[in-house]
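One structure below.
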Amino acid sequence: MKGRVVVLGELNGHEAAALMVDGLLQDLLVDGGGDAPPAPGAIFRATVDRQVKGQGGVFLRLPDGRAFLREAKGLRPGQTLLVQVTGYAEPGKAVPVTTRVLFKSRHAIVTPGAPGLNISRQIRDDDARARLHDIAGEAMAGAESGLILRSAAQHADEDEVAQDIALMRDLAARILAEDGAQPEHLLDGPGPHDLAWRDWAEPAPDEVASGKTAFADHGVLDAVEGLRQAHVPLGQGASIWVEPTRALVAVDVNTGADTSPAAALKANLAAAKELPRQLRLRGLGGQITLDLAPLPKNDRRAVEGALRAAFKSDPIDTALVGWTPLGHFELQRKRERLPLTEALK
């Protein structure tokens with residue numbers, strides 16, 4: 001099916017959301033269930049446990065586990081902090097958190113501790129920016145927190161934007177007013193359906209499908225079945241193998257039967273274009289090592305440029321670290337999602 005379709009449903013009994021663009025699965029969100037670690041966006045009151053001088057951070061106590069905070073300056077054992085989960089922890093490790101708590105919705109982000117009214121840079125129309133600034137100023141009058149209006153606000157109804165701001169402002173005020181001396185879970189992270197509504201609003205979908213058969217009707221189940229395999233065909237015989245290990249994610253690029261002089265460069269460029277989608281759909285992050293098809297050093301710039309262009313539009317922060325002495329290329333990707341293999345257990 002042509003167009004942009006948001007599909008809301010379930011996978012293996014877990015809440016899930018899929019984004020299909022022209023019949024191709026572009027994004028997938030799956031809830032890990034009750035046994036999964038806290039989802040990014042969850043807010044806790046935590047207690048400072050002990051500093052880790054060698055890592056420049058501090059361990060915190062949560063109601064059911066522990067967290068790791070990199071900003072350790074000025075903290076003392078027993079102190080309570082309001083923290084927000086920033087990503088999924090590796091098995092056996094502490095949950096990564098930050099003290100820079102944000103309250104996000106479809107149109108607005110309320111920013112405690114960072115006052116000021118800001119409009120998304122993606123909104124370039126001066127009249128739209130002025131109109132949204134007026135709405136924000138009225139909705140945030142008297143508030144100590146700041147506000148960022150997201151790009152989706154540009155084409156939204158003014159009352160809807162104002163209501164969204166008010167909801168986030170009230171939620172922030174309620175959470176910030178919470179008081180106590182013991183670790184406490186204050187707010188859940190958003191689930192897949194909420195994230196789809198919040199983050200897939202721009203551009204507006206042509207269809208929003210839901211129901212028990214929605215995933216099957218729109219080809220999501222077939223696409224997910226393909227993600228269970230490490231092998232990903234790229235066309236013209238080229239392929240990649242995406243294989244997560246405990247230490248890193250290994251990506252092997254193969255030219256297949258193509259023996260032409262440009263085979264390696266073509267395969268590597270195709271792999272660079274496809275890689276963000278594969279990592280996104282599989283929920284993979286952390287250290288990623290690309291074992292590229294052998295190519296001369298003077299072709300490295302083209303491959304690096306292709307990687308940079310491909311990850312520029314990806315919603316998950318990914319740092320292009322660079323080349324290793326063995327000719328591999330390394331990436332560092334934020335662990336914003338639970339690996340698909342764990343989510344579907």
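Labels used: A, B, ... for chains in the order of the structure tokens, numbers from 1 for residues in each chain, and numbers from 1 for ligands as shown.
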- Would you please extract all strand (DSSP E) residues from stretch 261-343 of chain A, as assigned by DSSP on the backbone, and give them as a list in words?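 Everything in stretch 261-343 of chain A that counts as strand (DSSP E) is Gly286, Gln287, Ile288, Thr289, Leu290, Asp291, Thr318, Ala319, Leu320, Val321, Gly322, Trp323, Phe329, Glu330, Leu331, Gln332 and Arg333 of chain A.
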- Write out as a list in words each polymer residue whose atoms come within 12 Å of A:Lys93, counting only C-alpha atoms; drop sequence neighbours fewer than 5 positions from it. Pro37, Phe59, Gly65, Arg66, Ala67, Phe68, Gly87 and Tyr88 of chain A
Could those residues be written to a file, using C-alpha atoms, as an mmCIF file, in the first residue's frame?
data_model
loop_
_atom_site.group_PDB
_atom_site.id
_atom_site.type_symbol
_atom_site.label_atom_id
_atom_site.label_comp_id
_atom_site.auth_asym_id
_atom_site.auth_seq_id
_atom_site.Cartn_x
_atom_site.Cartn_y
_atom_site.Cartn_z
ATOM 1 C CA PRO A 37 13.513 -2.734 32.691
ATOM 2 C CA PHE A 59 24.969 4.840 41.641
ATOM 3 C CA GLY A 65 16.966 -1.812 41.444
ATOM 4 C CA ARG A 66 19.632 0.761 40.864
ATOM 5 C CA ALA A 67 20.478 3.512 38.403
ATOM 6 C CA PHE A 68 23.639 5.185 37.173
ATOM 7 C CA GLY A 87 17.696 4.375 27.789
ATOM 8 C CA TYR A 88 17.606 0.639 28.352
#
- stretch 291-300 of chain A surroundings by only C-alpha atoms, 10 Å radius, close-in-sequence under 3 positions cut, as a ChimeraX atom specification: /A:238,240-241,250-255,261-269,271-272,288,303-306,323,326-330
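Atom CA of A:Ser151 is found 26.8 Å from atom CA of A:Leu284.
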- Message: I'd like the interatomic distance between atom CA of A:Gly226 and atom CA of A:Glu274, to a tenth of an Å.
- Response: 14.4 Å
